[in-house]
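Okay, so here's the structure we're looking at.
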Amino acid sequence: MEVTVSSETTRAESLEIVRAEELYRFYRAGDEEVRALRGVSLTVAPGEVVAVTGPSGSGKSTLMACLAGLDDPDGGMVWIAGRRISHRRDAEQAALRARHIGVLFQSGNLIEHLTVAQNIDLAQRLAGRRDPAWRDAILGSLGLTLRRRARPSDLSGGESARAGLAVALANRPALLLADEPTGELDAQTEHRVLSLLHAQAGERTGVVIASHSPAVRQRADRVIQLSDGRVT
Amino acid sequence: MIILNWLRGLLLTRTWRLAAAALGIAAAVALPAALGGFLTSAKATMTARSIERVPVDWQVETQPGAALAPLPGSREADFAHVTGFQAEEGGQTLTTGPGQVLGLPADYSAVFPGEIRPLAGRSSGPLLAQQTAANLHAVPGSTIKIHRKGLPDATVTVAGVVDLPQADSLFQRVGAPPAAQPQAPPDNVLLLPAADWHRLFDALPRDQIRVQYHLRIDHRLPSDPAEAYVKVTGEARNLEVRLAGAGLVGDNLGAALGAAREDALYSQVLFLFLGVPGVALAIALTAAITRSGATRRGGEQALLRARGASRTAFVRLAVAETALVAVAGTVIGLGVALILYGSAVLTATTIWAAGLSLLAACAAVLASVLRPPSVTTARRAVDQTRTQSRTPAPLRLGLDAWLLTGSLTVFWITSRNGYQLVLVPEGLPQLSVDYWAFAGPALLWAGGGLLAWRLSRLLLGPGRTLVARLARPLAGPLSGTVAATLARQRGALSRTMTLAALAVAFAVSTAVFDATYRQQTLVDAELTNGAQVTVSQTTRPAGDLAAVPGVAGVEPLQHRFAYVGSDLQDLYGIRPRTITGATHLSDAYFAAGTARQIVDRLARQPDALLVSQETVNDFQLQLGDQIRLRTEDGTTIPFHYAGIVTEFPTAPRDSCLVANATYLAAHTPTDAVYLVRTDGTAPRVVADRLRAQLGPAAKITDIETTRQVVGSSLTAVDLSGLTAIELGYALALAVAATGLLLVLGFAERRRTLALAAVLGARPRQLGAFVWTEVLLTALAGLILGTAIGWALSRMLVAVLNGVFDPPPDQLAVPWPYVTAVGCLGAAALLAAGTLAVRATRRLPLTVLRDL
Amino acid sequence: MTTIDGPVVECRGLARTYGRGTRAVVAVHGVGCVLEPGAQVAVTGPSGSGKTTLLHLLAGLDRPTAGQVTWPALDDEPRGKVAVVFQGPSLLPPLTVAENVALPSLIFGCPEAAARSGALDALGTLGLGDLADRLPDELSGGQAQRVAVARALATRPRLIVADEPTAHLDSAHASQVIGLLSEVSARTGAALLVATHDRAVAGRLPGRWVMRDGALREADS
């Protein structure tokens with residue numbers, strides 16, 4: 001198996017950023033067993049924007065967690081930039097995540113007691129690359145240059161969303177995972193955030209957006225519909 | 001850089017939480033440091049007092065037939081045994097029994113101050129001891145005759161009258177085996193200048209003479225009495241070896257330090273007993289404070305994990321946060337201790353103890369900081385919610401029951417045979433402590449704490465209908481909801497309740513122990529001195545004494561000597577109805593009955609007599625047996641045996657007799673001893689006034705001086721410093737555990753309350769949530785805390801019985817302090833509740849926006 | 001339920017300013033509106049246009065800095081007669097689903113047994129009966145929001161104010177929730193006011209208010 005994986009590596013680097021094969025995930029919630037993922041496979045190429053949609057409880061969040069290496073699937077594997085991220089030691093998963101992945105949540109993307117710029121610095125440090133020029137560039141492109149010293153509690157809703165994106169992009173990720181990034185935004189702000197996400201994908205980054213928003217679905221390169229843990 | 005930004009951010013936004021945690025650590029550091037500082041200075045005081053109390057450090061006695069060159073720096077003291085003294089007074093010849101004449105050099109009083117206390121006349125020339133002067137009715141200027149064995153009588157003119165406060169050691173038998181009974185000092189003593197002594201007694205047979213060299217050694221000794229003892233006794237032995245049998249050393253200083261080191265060890269035991277639970281409580285409190293921010297921290301960790309932080313990165317940030325609070329806490333804690341005790345804090349032991357508790361506190365904080373697992377997936381969130389309501393492992397295993405059983409078992413085993421906490425092994429310079437005795441109270445602490453936790457959890461969980469009933473007057477139909485809310489939050493709330501109970505228990509047990517200790521110290525000193533001020537050897541009536549300012553009451557006590565077999569024992573005549581007003585009679589002074597019962601027996605039966613246990617054994621006495629006592633002057637008085645007295649104020653232990661004063665006075669002339677009660681004026685001052693009033697012939701002692709001279713050095717050390725630290729600390733902990741934890745808990749629950757407010761709950765209904773929590777914490781502190789505190793006090797006093805002499809009849813409860821703890825705890829609770837209620841009154845929408 | 005003539009809520013010259021001096025932010029100004037019983041209105045507008053503030057003012061949760069709000073059909077006492085569905089998670093974490101739904105009734109003085117059966121009814125209506133004993137932490141975002149709707153319905157309100165109730169829901173659940181809200185409104189005659197930026201949601205309600213820069217631009221109810 002290992003041989004196959006390494007032979008795939010070269011191909012993977014050129015053609016796909018993330019590759020998930022046959023993911024299964026079960027867990028217990030209360031007294032019942034939830035089958036969150038039942039054989040989900042997915043690949044994303046550089047520059048591609050993939051929307052993952054489905055009703056609540058369909059397994060979107062679990063899929064995202066597995067792709068990020070935050071959760072290990074009970075069956076199947078995930079590779080990021082040609083390297084396996086599933087079922088590795090915590091430190092190795094963390095290192096892969098720090099280098100290659102940016103994560104954007106619906107809210108709470110910022111450490112509350114750090115300023116916007118410090119939040120970006122922290123993400124860069126964790127990835128092992130200090131890059132003030134890149135930091136200033138993303139702050140500029142997201143219109144946050146004047147808010148760089150603000151703390152999260154002082155930001156408006158739109159500013160928070162943009163600052164979260166700035167932090168997710170801090171490590172120049174190969175894969176950007178966004179979980180309901182526009183859930184709390186009005187159409188205008190949603191439009192702006194999506195444009196920024198697409199702008200990122202334009203170069204070399206693959207983007208996976210879990211969302212039920214029609215706008216996200218419309219603008220995605222590809223839509224994966226999840227239902228009861230299966231791709232439909 | 002990350003870490004610095006992280007810490008700066010925390011400092012700016014989580015100021016109060018960090019400050020509270022730092023204060024918790026400060027408390028954990030300050031207590032051992034302050035206690036250690038107190039202990040160090042107390043030990044130094046004990047050493048200094050021992051040195052101060054001993055006028056002559058060493059008495060080197062020349063052995064018969066050996067020639068001893070005068071030791072450098074020493075003063076020669078010569079003792080001559082004489083058969084008696086005689087004086088003519090108003091045509092009447094008065095004689096005494098055998099006595100001693102001491103020859104001392106002119107500078108003796110200057111070199112050994114404290115050995116001779118001038119009472120009247122000059123301080124040089126022939127000086128008569130006070131009791132001898134009283135026996136001979138001699139005053140300065142009187143001429144007395146000395147009966148010398150085998151030589152004609154010599155005559156001297158008395159230049160002054162003196163008191164010899166250290167007669168016991170001055171006239172000791174140097175080289176007596178350690179188990180030998182201490183020898184009573186001679187009744188009659190005359191001091192002569194060295195030249196006069198040699199003129200009068202050089203011709204005396206050698207067996208009537210002793211030659212000693214008195215020495216004051218270098219007083220630059222270690223401040224710890226144990227170390228000083230080892231050094232002094234070692235040097236004494238070294239000197240004896242060098243003298244090669246020509247002289248033996250009477251090591252007065254070593255003996256005093258020996259007693260002091262035993263007391264020092266006791267005070268160290270106290271330090272452990274009182275300090276360890278306090279530190280443990282402070283650490284638990286700090287951990288609880290840190291844990292109260294777990295929700296926020298869980299979110300942060302989840303976010304950091306998503307950003308690719310490894311476990312190491314969390315740990316690094318957690319360590320940095322812990323280090324920040326630890327450094328701040330240490331600075332504050334040590335600062336407080338230094339302000340209180342200065343450089344005495346900076347000893348190896350203290351720093352070691354403070355460092356150890358700092359380490360423990362840091363470990364607790366770190367564990368709490370690292371505790372929340374990442375909550376990134378639904379599965380983990382669910383797991384966490386479920387574990388919240390699971391019974392914690394120690395309770396599941398019934399650890400509380402095991403610990404309590406263990407505590408009682410250890411206590412029963414150790415206290416069964418009247419064990420000694422501090423052991424003085426024969427022939428060893430080291431003392432040892434029976435540390436097993438600690439296990440009882442330590443296990444009781446732990447077991448009591450776990451039991452309180454279990455009971456709190458039971459009340460909040462299965463007992464929630466009871467909580468609902470408690471909440472009903474406040475909450476109305478919402479009472480079930482309030483109980484359900486508290487049941488789901490019982491993890492945090494039961495911890496708060498437990499800590500409140502333990503803080504109260506700590507305060508109560510410490511206070512009761514301290515108060516009992518103080519009470520017994522007073523009893524001890526009164527036992528020795530008789531009363532606050534005791535006057536004897538005066539012919540003046542009680543009325544003269546009562547007229548002296550500062551005297552509130554005078555209780556006469558008849559005193560006589562009587563023969564029991566060949567033994568001369570003190571015979572006291574008391575007034576049973578009034579004696580307890582002047583001095584404390586402890587139950588422990590009597591056998592087979594309380595003090596009250598025995599004294600009542602005397603009151604009912606005029607010819608009743610209390611005798612010592614030994615006498616009862618020797619003469620096979622049965623209650624009601626008739627006893628005929630022959631007094632010193634030959635009168636025989638019939639009594640009936642009515643009880644056993646083991647100790648009595650001013651009397652030697654286990655050899656005294658107690659009877660009714662009126663009955664005794666009717667049969668034989670007696671000396672009156674007056675027990676004087678002061679009106680609050682310092683006993684020392686009253687004693688001085690009485691001395692001025694009654695003249696030098698009267699013997700007047702006060703409790704303060706007695707405490708310093710004869711009391712053990714532990715009672716001599718003023719424990720008020722220790723008490724102040726302990727009680728202040730306990731109070732602070734009680735307030736923190738009740739108020740602070742609730743405030744932090746409410747901050748975590750702000751969201752719940754704000755949501756309820758948005759749904760339309762009125763302030764009174766929101767108050768019901770808050771006040772029910774306050775009420776439960778108050779109840780836990782009041783009921784569980786008092787119960788644990790009471791049990792602990794009993795066990796502490798029982799285990800530390802050796803500290804008390806005599807053992808206490810009952811525990812002393814310092815009501816003012818206990819009330820203060822109650823009031824301040826209640827105030828803290830009220831403040832916490834009011835703050836929380838006020839916070840809910842802020843417009844709920846602004847709160848929701850902050851969430 | 002007594003019916004009193006007049007609108008459920010009415011306001012005139014309404015303004016709400018946050019903060020003071022140079023930092024003051026005007027959230028709502030010069031708004032006048034009327035909502036009759038049974039009216040169903042969607043409030044749309046970009047974020048920051050004052051939708052949420054207006055809803056809070058009309059629900060009586062917030063006080064205006066100028067102008068006034070009256071509730072003629074409710075005897076001018078909105079408490080207990082206005083139900084609010086919030087945008088974010090608004091369930092009380094320590095209470096089960098059933099307890100959460102019963103809470104408003106208890107707050108307004110309903111006896112415990114009645115409140116509980118009312119709560120179970122409301123949950124049943126929304127098909128959430130199975131969740132009654134779950135804790136909010138154990139629910140998905142969509143489930144939690146539906147429980148919040150159930151909670152709003154359980155008190156039989158005269159006015160239902162919902163602020164972005166479908167923000168976290170996929171379209172199927174969003175449609176279900178809106179359908180339910182309008183059905184309840186139609187059945188009980190309660191007025192319904194829903195702030196949303198979802199055109200599909202807005203399209204399901206007959207009335208439409210549009211907010212822009214703190215003012216009501218279009219009012220068609």
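Going through the structure tokens in order, the chains are called A, B, and so on, while each chain numbers its residues from 1 and the ligands are numbered from 1 in the order shown.
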| said: What's around Gly69 in chain A at 9 Å? Count only C-alpha atoms, leave out sequence neighbours fewer than 4 positions away in its own chain, and write the answer as a ChimeraX atom specification. | reply: /A:64-65,78,85-88,90,93-94,96-97 /B:306
| chain B contacts to chain C at 6 Å (only C-alpha atoms) as a ChimeraX atom specification | /B:382,477-478,485,488,752,761
| query | If we count only C-alpha atoms, which residues of chain B reach to within 6 Å of chain A? Please list them as a PyMOL selection string. | reply | chain B and resi 9-10+13+307-310
| Which residues, written as a PyMOL selection string, have at least one atom at most 12 Å from Gly6 in chain C, with only C-alpha atoms counted and residues fewer than 3 positions away on the same chain left out? | chain C and resi 3+9-10+34-38+70-76
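CA of Ala20 in chain A sits 13.4 Å away from CA of Arg230 in chain A.
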